[in-house]
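Text of model.txt, listed as compact mmCIF, C-alpha atoms and all ligand atoms:
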# COMPACT_ATOMS: atom_id res chain seq x y z
CA MET A 15 43.78 41.40 42.48
CA ARG A 16 43.91 44.35 40.12
CA ILE A 17 45.95 44.52 36.91
CA PHE A 18 46.70 47.68 34.94
CA SER A 19 48.69 48.21 31.77
CA GLY A 20 48.87 50.84 29.06
CA ILE A 21 49.78 50.59 25.41
CA GLN A 22 50.67 53.47 23.12
CA PRO A 23 48.83 54.19 19.89
CA THR A 24 52.14 54.83 18.16
CA GLY A 25 52.28 53.31 14.70
CA ARG A 26 51.50 49.72 14.01
CA LYS A 27 51.82 47.17 16.78
CA HIS A 28 54.58 44.63 16.29
CA LEU A 29 55.29 41.07 17.37
CA GLY A 30 57.27 42.34 20.41
CA ASN A 31 54.26 44.32 21.67
CA TYR A 32 52.05 41.32 21.00
CA ILE A 33 54.17 38.72 22.78
CA GLY A 34 55.58 40.98 25.51
CA ALA A 35 52.34 42.67 26.47
CA ILE A 36 49.12 41.90 24.59
CA VAL A 37 49.19 38.14 25.23
CA GLN A 38 49.53 38.90 28.95
CA TYR A 39 46.64 41.36 28.81
CA VAL A 40 44.37 38.65 27.46
CA ALA A 41 45.47 36.20 30.16
CA GLY A 42 45.00 38.89 32.83
CA GLN A 43 41.24 38.86 32.25
CA ASP A 44 41.09 35.41 33.85
CA ARG A 45 43.38 36.26 36.74
CA GLY A 46 41.87 39.40 38.20
CA GLU A 47 40.23 42.75 37.63
CA ALA A 48 41.97 43.81 34.42
CA ILE A 49 42.19 47.46 33.34
CA TYR A 50 43.85 48.42 30.04
CA SER A 51 44.36 51.84 28.56
CA ILE A 52 45.34 53.11 25.15
CA VAL A 53 47.71 55.79 26.35
CA ASP A 54 47.31 58.51 23.75
CA LEU A 55 48.82 61.16 26.05
CA HIS A 56 52.05 59.14 26.22
CA SER A 57 52.26 59.09 22.46
CA LEU A 58 52.56 62.91 22.40
CA THR A 59 56.10 62.52 23.74
CA VAL A 60 57.42 61.40 20.33
CA PRO A 61 56.71 63.04 16.95
CA PHE A 62 53.04 62.53 16.00
CA ASP A 63 50.47 63.69 13.47
CA PRO A 64 47.27 65.12 15.06
CA ARG A 65 45.14 63.91 12.14
CA GLU A 66 46.53 60.41 12.39
CA LEU A 67 46.40 60.02 16.18
CA PRO A 68 42.65 59.26 16.51
CA GLN A 69 43.00 56.63 13.78
CA LEU A 70 45.94 55.01 15.54
CA VAL A 71 43.90 54.84 18.74
CA TYR A 72 41.19 52.92 16.86
CA ASP A 73 43.81 50.69 15.21
CA THR A 74 45.27 49.80 18.60
CA ALA A 75 41.85 49.16 20.14
CA ALA A 76 40.89 46.86 17.27
CA ILE A 77 44.13 44.89 17.66
CA LEU A 78 43.53 44.45 21.40
CA LEU A 79 39.97 43.27 20.81
CA ALA A 80 41.06 41.00 17.97
CA ALA A 81 43.68 39.48 20.28
CA GLY A 82 40.97 38.55 22.76
CA LEU A 83 40.25 41.48 25.08
CA ASP A 84 36.60 41.37 26.01
CA PRO A 85 35.05 44.65 27.24
CA GLU A 86 32.72 42.57 29.42
CA ARG A 87 35.68 41.03 31.23
CA CYS A 88 38.06 43.99 31.39
CA ILE A 89 38.00 47.77 31.39
CA LEU A 90 39.35 49.15 28.11
CA PHE A 91 39.56 52.91 27.74
CA ARG A 92 41.38 55.82 26.11
CA GLN A 93 43.70 57.50 28.60
CA SER A 94 42.81 61.09 27.65
CA ASP A 95 39.14 60.42 28.50
CA VAL A 96 40.02 60.10 32.20
CA HIS A 97 41.44 63.41 33.42
CA GLU A 98 42.50 61.96 36.75
CA HIS A 99 45.66 60.63 35.05
CA THR A 100 47.01 64.08 34.29
CA GLU A 101 46.06 65.57 37.64
CA LEU A 102 47.72 62.70 39.49
CA THR A 103 50.83 63.13 37.32
CA TRP A 104 51.27 66.65 38.64
CA LEU A 105 50.65 65.64 42.24
CA LEU A 106 53.22 62.83 41.93
CA THR A 107 55.91 65.14 40.56
CA SER A 108 56.31 66.38 44.13
CA VAL A 109 57.58 62.94 45.19
CA THR A 110 59.60 62.14 42.05
CA ALA A 111 63.31 62.87 42.02
CA LYS A 112 64.58 64.70 38.95
CA GLY A 113 67.77 62.61 39.11
CA GLU A 114 65.73 59.40 38.84
CA LEU A 115 64.02 60.65 35.70
CA GLU A 116 67.37 61.62 34.22
CA ARG A 117 68.59 58.05 34.68
CA MET A 118 65.72 56.46 32.72
CA THR A 119 67.17 54.57 29.74
CA GLN A 120 64.18 55.30 27.51
CA TYR A 121 64.50 59.03 28.21
CA LYS A 122 68.22 59.01 27.48
CA ASP A 123 67.76 57.06 24.23
CA LYS A 124 64.79 58.98 22.92
CA SER A 125 65.91 62.47 23.98
CA ALA A 126 69.19 61.88 22.14
CA LYS A 127 67.08 61.42 19.00
CA GLN A 128 64.90 64.52 19.66
CA ARG A 129 67.66 66.84 18.53
CA GLU A 130 65.50 69.85 17.64
CA LEU A 131 63.22 69.80 20.65
CA SER A 132 63.80 67.44 23.55
CA THR A 133 60.46 67.79 25.28
CA ALA A 134 59.53 68.02 28.93
CA GLY A 135 56.81 65.49 28.11
CA LEU A 136 59.40 62.86 27.26
CA PHE A 137 61.15 63.61 30.54
CA LEU A 138 57.90 63.26 32.53
CA TYR A 139 56.71 60.15 30.64
CA PRO A 140 57.51 57.82 33.59
CA VAL A 141 55.52 60.04 36.00
CA LEU A 142 52.46 59.85 33.74
CA MET A 143 52.97 56.09 33.60
CA ALA A 144 53.18 55.99 37.41
CA ALA A 145 49.93 57.96 37.62
CA ASP A 146 48.24 55.55 35.16
CA VAL A 147 48.93 52.58 37.39
CA LEU A 148 48.72 54.18 40.84
CA ALA A 149 45.34 55.81 40.06
CA TYR A 150 43.84 52.30 40.04
CA ARG A 151 45.75 50.96 43.02
CA ALA A 152 46.80 48.13 40.72
CA HIS A 153 48.83 45.24 42.14
CA GLU A 154 50.30 44.00 38.87
CA VAL A 155 51.61 45.70 35.74
CA PRO A 156 52.10 43.32 32.78
CA VAL A 157 54.86 44.75 30.56
CA GLY A 158 57.83 43.76 28.43
CA GLU A 159 61.38 43.89 29.80
CA ASP A 160 61.98 47.43 28.45
CA GLN A 161 59.43 48.81 30.93
CA ARG A 162 60.95 47.23 34.05
CA GLN A 163 62.83 50.42 34.94
CA HIS A 164 59.66 52.52 34.72
CA VAL A 165 57.80 50.13 37.03
CA GLU A 166 60.70 50.30 39.51
CA LEU A 167 60.41 54.09 39.42
CA MET A 168 56.66 54.03 40.07
CA ARG A 169 57.26 51.69 43.01
CA ASP A 170 59.70 54.24 44.47
CA VAL A 171 57.24 57.06 43.83
CA ALA A 172 54.36 55.18 45.54
CA GLY A 173 56.59 54.23 48.49
CA ARG A 174 57.82 57.79 48.89
CA PHE A 175 54.28 59.14 48.71
CA ASN A 176 53.10 56.74 51.41
CA ALA A 177 56.08 57.53 53.64
CA ARG A 178 55.54 61.27 53.29
CA PHE A 179 51.72 61.55 53.32
CA GLY A 180 50.50 58.31 54.91
CA GLU A 181 49.52 54.94 53.45
CA THR A 182 47.47 55.89 50.37
CA LEU A 183 48.85 54.16 47.27
CA VAL A 184 49.43 50.50 46.39
CA VAL A 185 53.04 49.66 45.47
CA PRO A 186 52.65 47.58 42.26
CA GLU A 187 54.75 44.73 40.86
CA ALA A 188 55.91 44.35 37.26
CA VAL A 189 54.80 41.10 35.61
CA ILE A 190 57.27 40.27 32.86
CA PRO A 191 56.91 37.10 30.76
CA GLN A 192 59.49 34.33 31.34
CA VAL A 193 59.95 33.90 27.59
CA GLY A 194 59.43 36.65 25.00
CA ALA A 195 59.94 39.63 27.32
CA ARG A 196 62.35 41.17 24.83
CA ILE A 197 61.75 40.23 21.22
CA MET A 198 64.67 41.41 19.12
CA ASP A 199 64.77 43.10 15.72
CA LEU A 200 65.18 40.47 12.99
CA GLN A 201 67.76 42.59 11.16
CA ASP A 202 69.65 43.60 14.30
CA PRO A 203 69.15 40.95 16.98
CA THR A 204 71.13 42.99 19.51
CA SER A 205 68.38 45.67 19.56
CA LYS A 206 64.79 45.16 20.65
CA MET A 207 62.03 45.15 18.09
CA SER A 208 60.74 48.70 18.43
CA THR A 209 58.25 51.19 17.01
CA THR A 210 60.33 54.33 16.95
CA SER A 211 63.62 52.84 15.81
CA ALA A 212 62.03 50.23 13.58
CA SER A 213 63.93 48.75 10.69
CA ALA A 214 61.17 47.93 8.21
CA GLU A 215 62.56 44.48 7.44
CA GLY A 216 63.44 43.64 11.03
CA THR A 217 60.01 44.39 12.50
CA VAL A 218 57.13 41.94 12.10
CA TYR A 219 53.80 43.73 12.42
CA VAL A 220 50.72 42.00 13.79
CA LEU A 221 48.85 42.99 10.63
CA ASP A 222 51.54 41.99 8.12
CA GLU A 223 50.38 39.77 5.25
CA PRO A 224 51.67 36.16 5.37
CA ALA A 225 54.04 36.81 2.45
CA GLN A 226 55.61 39.78 4.28
CA ILE A 227 56.06 37.72 7.44
CA GLU A 228 57.67 34.88 5.48
CA ARG A 229 60.02 37.29 3.73
CA LYS A 230 61.11 38.99 6.94
CA PHE A 231 61.90 35.70 8.67
CA LYS A 232 63.68 34.35 5.62
CA ARG A 233 65.96 37.42 5.67
CA ALA A 234 66.45 37.39 9.46
CA VAL A 235 70.08 37.99 10.40
CA THR A 236 71.78 35.01 12.03
CA ASP A 237 75.40 34.06 12.72
CA SER A 238 77.48 32.18 10.19
CA GLY A 239 77.64 29.00 12.25
CA LYS A 240 75.12 26.20 12.56
CA GLY A 241 73.06 24.47 15.22
CA VAL A 242 69.67 25.65 16.47
CA HIS A 243 70.47 26.45 20.08
CA ARG A 244 70.73 29.50 22.31
CA ALA A 245 74.19 30.93 22.96
CA PRO A 246 75.56 34.42 23.68
CA ASP A 247 77.15 34.58 20.23
CA LYS A 248 73.89 33.53 18.52
CA PRO A 249 71.43 36.36 19.33
CA GLY A 250 69.58 35.96 16.01
CA ILE A 251 68.91 32.23 16.43
CA ALA A 252 68.13 32.67 20.14
CA ASN A 253 65.50 35.27 19.21
CA LEU A 254 63.90 32.94 16.65
CA ILE A 255 63.87 30.11 19.22
CA GLU A 256 62.09 32.36 21.75
CA ILE A 257 59.56 33.51 19.16
CA LEU A 258 58.72 29.95 18.11
CA ALA A 259 58.52 28.81 21.75
CA VAL A 260 55.99 31.53 22.66
CA VAL A 261 53.93 31.06 19.53
CA ARG A 262 53.72 27.30 20.10
CA GLY A 263 53.30 27.62 23.86
CA VAL A 264 56.29 25.37 24.63
CA ASP A 265 59.59 25.75 26.45
CA PRO A 266 62.52 27.04 24.31
CA ALA A 267 64.36 23.80 25.15
CA VAL A 268 61.63 21.86 23.31
CA VAL A 269 62.17 24.00 20.21
CA GLU A 270 65.94 23.43 20.40
CA HIS A 271 65.45 19.69 20.73
CA GLU A 272 62.95 19.40 17.88
CA HIS A 273 65.10 21.43 15.47
CA ARG A 274 68.54 20.13 16.54
CA GLU A 275 69.17 18.64 13.08
CA ALA A 276 67.74 21.60 11.11
CA GLY A 277 69.75 24.08 9.08
CA TYR A 278 69.12 27.79 9.63
CA GLY A 279 67.15 28.14 6.38
CA ASP A 280 64.67 25.40 7.27
CA PHE A 281 64.36 26.67 10.81
CA LYS A 282 63.47 30.18 9.60
CA VAL A 283 60.78 28.71 7.34
CA ALA A 284 59.33 26.81 10.32
CA VAL A 285 59.28 29.93 12.52
CA ALA A 286 57.65 31.99 9.76
CA ALA A 287 54.93 29.37 9.21
CA ALA A 288 54.14 29.22 12.93
CA VAL A 289 53.96 33.03 13.21
CA VAL A 290 51.72 33.26 10.14
CA ASP A 291 49.29 30.75 11.70
CA TYR A 292 49.48 32.51 15.04
CA LEU A 293 48.64 35.97 13.70
CA ALA A 294 46.16 35.00 10.96
CA PRO A 295 43.05 34.87 13.19
CA VAL A 296 44.00 38.21 14.78
CA ARG A 297 44.33 39.87 11.37
CA GLU A 298 40.98 38.48 10.24
CA ARG A 299 39.10 39.64 13.34
CA TYR A 300 40.89 43.00 13.20
CA ASN A 301 39.43 43.97 9.84
CA GLU A 302 35.88 43.49 11.08
CA LEU A 303 36.43 45.24 14.42
CA ARG A 304 38.33 48.17 12.96
CA ALA A 305 35.53 48.96 10.51
CA ASP A 306 33.06 49.80 13.28
CA GLU A 307 34.40 53.03 14.80
CA ALA A 308 31.08 53.80 16.49
CA ARG A 309 31.34 50.54 18.43
CA LEU A 310 34.95 51.32 19.40
CA GLU A 311 33.84 54.74 20.68
CA SER A 312 31.06 53.17 22.73
CA ILE A 313 33.54 50.69 24.25
CA PHE A 314 35.78 53.64 25.16
CA ALA A 315 32.88 55.58 26.67
CA ALA A 316 31.78 52.68 28.86
CA GLY A 317 35.40 51.89 29.79
CA ALA A 318 36.16 55.50 30.72
CA GLU A 319 33.12 55.69 32.97
CA ARG A 320 34.18 52.58 34.86
CA ALA A 321 37.81 53.73 34.99
CA ARG A 322 36.86 57.18 36.28
CA ALA A 323 34.77 55.67 39.05
CA LEU A 324 37.92 53.95 40.37
CA ALA A 325 40.49 56.68 39.66
CA SER A 326 38.40 59.48 41.18
CA VAL A 327 38.37 57.70 44.55
CA THR A 328 42.19 57.47 44.56
CA LEU A 329 42.47 61.10 43.48
CA ALA A 330 40.23 62.25 46.31
CA ASP A 331 42.39 60.31 48.80
CA VAL A 332 45.63 61.66 47.32
CA ARG A 333 44.38 65.25 47.36
CA ALA A 334 43.19 64.89 50.96
CA ALA A 335 46.48 63.28 52.05
CA MET A 336 48.40 66.16 50.45
CA GLY A 337 46.09 68.89 51.74
CA VAL A 338 45.16 69.96 48.22
CA GLY A 339 41.68 71.46 47.66
CA SER A 340 38.93 72.05 50.18
CA PRO A 341 39.19 69.80 53.28
CA ARG A 342 36.82 66.77 53.22
N1 LIG A 401 60.60 44.09 21.60
C1 LIG A 401 59.73 43.88 22.57
N2 LIG A 401 59.63 42.67 23.16
C2 LIG A 401 58.73 42.46 24.17
N3 LIG A 401 57.88 43.41 24.62
C3 LIG A 401 57.94 44.62 24.05
N4 LIG A 401 57.24 45.77 24.24
C4 LIG A 401 57.68 46.71 23.38
N5 LIG A 401 58.67 46.23 22.62
C5 LIG A 401 58.86 44.92 23.00
C6 LIG A 401 56.17 45.93 25.21
O1 LIG A 401 55.00 46.32 24.52
C7 LIG A 401 54.19 47.08 25.41
C8 LIG A 401 53.61 48.26 24.68
O2 LIG A 401 54.65 49.15 24.35
P1 LIG A 401 54.41 50.69 24.10
O3 LIG A 401 53.12 51.13 24.61
O4 LIG A 401 55.65 51.41 24.53
O5 LIG A 401 54.27 50.74 22.56
P2 LIG A 401 55.27 51.21 21.49
O6 LIG A 401 55.80 52.55 21.80
O7 LIG A 401 54.57 51.04 20.20
O8 LIG A 401 56.34 50.09 21.64
P3 LIG A 401 57.85 50.07 21.48
O9 LIG A 401 58.18 49.18 20.38
O10 LIG A 401 58.40 49.76 22.83
O11 LIG A 401 58.27 51.49 21.04
P4 LIG A 401 59.61 52.20 21.33
O12 LIG A 401 60.70 51.17 21.42
O13 LIG A 401 59.76 53.07 20.18
O14 LIG A 401 59.39 52.90 22.61
C9 LIG A 401 55.04 47.43 26.61
O15 LIG A 401 54.64 46.64 27.72
C10 LIG A 401 56.43 47.05 26.19
O16 LIG A 401 57.21 46.61 27.28
Would you write the structure of this file as structure tokens?
Amino acid sequence: MRIFSGIQPTGRKHLGNYIGAIVQYVAGQDRGEAIYSIVDLHSLTVPFDPRELPQLVYDTAAILLAAGLDPERCILFRQSDVHEHTELTWLLTSVTAKGELERMTQYKDKSAKQRELSTAGLFLYPVLMAADVLAYRAHEVPVGEDQRQHVELMRDVAGRFNARFGETLVVPEAVIPQVGARIMDLQDPTSKMSTTSASAEGTVYVLDEPAQIERKFKRAVTDSGKGVHRAPDKPGIANLIEILAVVRGVDPAVVEHEHREAGYGDFKVAVAAAVVDYLAPVRERYNELRADEARLESIFAAGAERARALASVTLADVRAAMGVGSPR
């Protein structure tokens, strides 16, 4: 069984990225052939600084390694090192409906913010994501809830390709965590914790210092009622319950039961303490891993070679199926 997922080197990674995706990446190494990419080409679809981008790629790689990715047990590479992704993107545009892309929530949200220049790259983002996964004939795509729509689109694209050109691509499945698939912003618990629309106080970063984490949880927005339990009118408390459940590896019902007598203030302190303990080892390992850029580059080089060996086979099959290039 093959697993593929990509993560963008946009800004600092937050608790939502960690719980929704990175934790699953680590687990994936024990479940199958795991392939993970730092998708730098995707990050060109939102405003970026060319001098900062290479640094952000290293930052992201160091976080993934600190979280427990092991280059001996998975393939970890930088997307732009494997040119097959961009070629496959173009080939897949011929089986992607423009109307489908126009319906993508992420495109609608982010293009509304790109007032000066709404880019074609942002529009084609889901096709590049489809190419990422389909190039490896992956069966599973571990992602957070916000990426479900993009995985549905790539399934349609793969199915349409196979129907039109013959059985060539694997139709993948999204793997979305039961708990923690959509971690919400602590200051606005009706919006997901996010990189591009981050509220500084509502976003907990993986590399935040313990005092910052404690402060952010202490100030987390809740309702004016009481009772630590999940309810539609308690999105703030429900979010904190989910966070504590994932961090402790227990069911949210266990958290509700254990804290049924607690006031909101005490509960926030408990969640903050658990998150501090949870992230502390990652932050410590990060500092050591991030310092050695030569090692990160050599991990990328080895990962890209292994990734290319797989993706080039798919590309050759796709080109042949479509009649592109010299006949085999
Ligand atoms: N709030 C979240 N809860 C759970 N999972 C989440 N993910 C993102 N936000 C949450 C998952 O993290 C993975 C990596 O996301 P990415 O590569 O898109 O990285 P990003 O751009 O830094 O993440 P954001 O926060 O999602 O940025 P915005 O909102 O600005 O686009 C994905 O699997 C994603 O589902």
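Shell of Glu187 of chain A at 12 Å, with all atoms listed in the file counted and residues fewer than 4 places along the chain excluded, is Met15, Arg16, Ile17, Phe18, Ser19, Ala144, Val147, Leu148, Arg151, Ala152, His153, Glu154, Val155, Pro156, Val157, Gln161, Arg162, Gln163, His164, Val165, Glu166, Leu167, Met168, Arg169, Asp170 and Ala172 of chain A.
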Show me the residues around (62.3, 31.6, 8.0) - criterion: an atom at most 10 Å away, all atoms listed in the file counted - as an MDAnalysis selection string. chainID A and resid 227:234 254 278:289
Write a file of the just-selected residues containing C-alpha atoms, as a compact mmCIF listing (two decimals), in the coordinates of the input.
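Heads up, here's the output in part.txt:
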# COMPACT_ATOMS: atom_id res chain seq x y z
CA ILE A 227 56.06 37.72 7.44
CA GLU A 228 57.67 34.88 5.48
CA ARG A 229 60.02 37.29 3.73
CA LYS A 230 61.11 38.99 6.94
CA PHE A 231 61.90 35.70 8.67
CA LYS A 232 63.68 34.35 5.62
CA ARG A 233 65.96 37.42 5.67
CA ALA A 234 66.45 37.39 9.46
CA LEU A 254 63.90 32.94 16.65
CA TYR A 278 69.12 27.79 9.63
CA GLY A 279 67.15 28.14 6.38
CA ASP A 280 64.67 25.40 7.27
CA PHE A 281 64.36 26.67 10.81
CA LYS A 282 63.47 30.18 9.60
CA VAL A 283 60.78 28.71 7.34
CA ALA A 284 59.33 26.81 10.32
CA VAL A 285 59.28 29.93 12.52
CA ALA A 286 57.65 31.99 9.76
CA ALA A 287 54.93 29.37 9.21
CA ALA A 288 54.14 29.22 12.93
CA VAL A 289 53.96 33.03 13.21
Measure the distance from atom CA of Ala323 of chain A to atom C7 of ligand LIG 401 (chain A) in Å and round it to one decimal.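 Atom-to-atom, atom CA of Ala323 of chain A to atom C7 of ligand LIG 401 (chain A), that is 25.2 Å.
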Which residues come within 10 Å of segment 22-29 of chain A, counting only C-alpha atoms, excluding same-chain residues fewer than 2 positions away, as a PyMOL selection string? chain A and resi 20+31-36+51-58+60-62+66-75+77-78+92-93+194+197-199+207-210+212+217-222+257+289+293
Mind checking which residues fall within 10 Å of Arg244 of chain A, counting all atoms listed in the file, ignoring those fewer than 2 positions away in the same chain, and posting them as a list of chain:residue names?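 Neighbouring residues, sequence-local ones excluded: A:Gly241, A:Val242, A:Pro246, A:Asp247, A:Lys248, A:Pro249, A:Gly250, A:Ile251, A:Ala252, A:Asn253, A:Leu254, A:Ile255, A:Glu256, A:Pro266, A:Ala267, A:Glu270.
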Nearest to ligand LIG 401 (chain A) among A:Ser312, A:Gln192, A:Gln226, A:Thr100, with distances taken over all atoms listed in the file: which residue is it?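 Answer, going by the shortest atom-to-atom distance: A:Gln192.
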Mind checking which residues fall within 10 Å of Val268 of chain A, counting all atoms listed in the file, ignoring those fewer than 4 positions away in the same chain, and posting them as a list of chain:residue names?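 Using all atoms listed in the file, the neighbours found are A:Ile255, A:Ala259, A:Val264, A:Glu272, A:His273, A:Arg274.
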Taking all atoms listed in the file into account, which of A:Gln128, A:Ser205, A:Thr133, A:Ser326 comes nearest ligand LIG 401 (chain A)? A:Ser205
Supply segment 205-222 of chain A as a CSV table (one decimal), in the coordinates of the input, with N, CA and C atoms built in where the input has gaps.
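What landed in out-v3.csv:
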chain,number,residue,atom,x,y,z
A,205,SER,N,69.3,44.6,19.2
A,205,SER,CA,68.4,45.7,19.6
A,205,SER,C,67.0,45.1,19.6
A,206,LYS,N,66.2,45.7,20.5
A,206,LYS,CA,64.8,45.2,20.6
A,206,LYS,C,64.0,45.6,19.5
A,207,MET,N,63.0,44.8,19.1
A,207,MET,CA,62.0,45.2,18.1
A,207,MET,C,61.3,46.4,18.6
A,208,SER,N,61.2,47.4,17.9
A,208,SER,CA,60.7,48.7,18.4
A,208,SER,C,60.0,49.5,17.4
A,209,THR,N,59.1,50.4,17.9
A,209,THR,CA,58.2,51.2,17.0
A,209,THR,C,59.0,52.4,16.5
A,210,THR,N,59.7,53.1,17.4
A,210,THR,CA,60.3,54.3,17.0
A,210,THR,C,61.7,54.1,16.2
A,211,SER,N,62.4,53.0,16.6
A,211,SER,CA,63.6,52.8,15.8
A,211,SER,C,63.5,51.6,14.9
A,212,ALA,N,62.3,51.4,14.3
A,212,ALA,CA,62.0,50.2,13.6
A,212,ALA,C,62.8,50.2,12.3
A,213,SER,N,63.4,49.0,12.0
A,213,SER,CA,63.9,48.8,10.7
A,213,SER,C,62.8,48.0,10.0
A,214,ALA,N,62.4,48.5,8.8
A,214,ALA,CA,61.2,47.9,8.2
A,214,ALA,C,61.3,46.4,8.0
A,215,GLU,N,62.4,45.9,7.7
A,215,GLU,CA,62.6,44.5,7.4
A,215,GLU,C,62.7,43.7,8.7
A,216,GLY,N,63.2,44.4,9.8
A,216,GLY,CA,63.4,43.6,11.0
A,216,GLY,C,62.3,43.6,12.0
A,217,THR,N,61.2,44.3,11.6
A,217,THR,CA,60.0,44.4,12.5
A,217,THR,C,58.8,43.7,11.9
A,218,VAL,N,58.3,42.7,12.6
A,218,VAL,CA,57.1,41.9,12.1
A,218,VAL,C,55.9,42.6,12.7
A,219,TYR,N,55.0,43.1,11.9
A,219,TYR,CA,53.8,43.7,12.4
A,219,TYR,C,52.7,42.7,12.5
A,220,VAL,N,51.8,42.9,13.5
A,220,VAL,CA,50.7,42.0,13.8
A,220,VAL,C,49.8,41.9,12.5
A,221,LEU,N,49.7,43.0,11.8
A,221,LEU,CA,48.8,43.0,10.6
A,221,LEU,C,49.6,42.7,9.3
A,222,ASP,N,50.8,42.3,9.4
A,222,ASP,CA,51.5,42.0,8.1
A,222,ASP,C,50.8,40.8,7.4
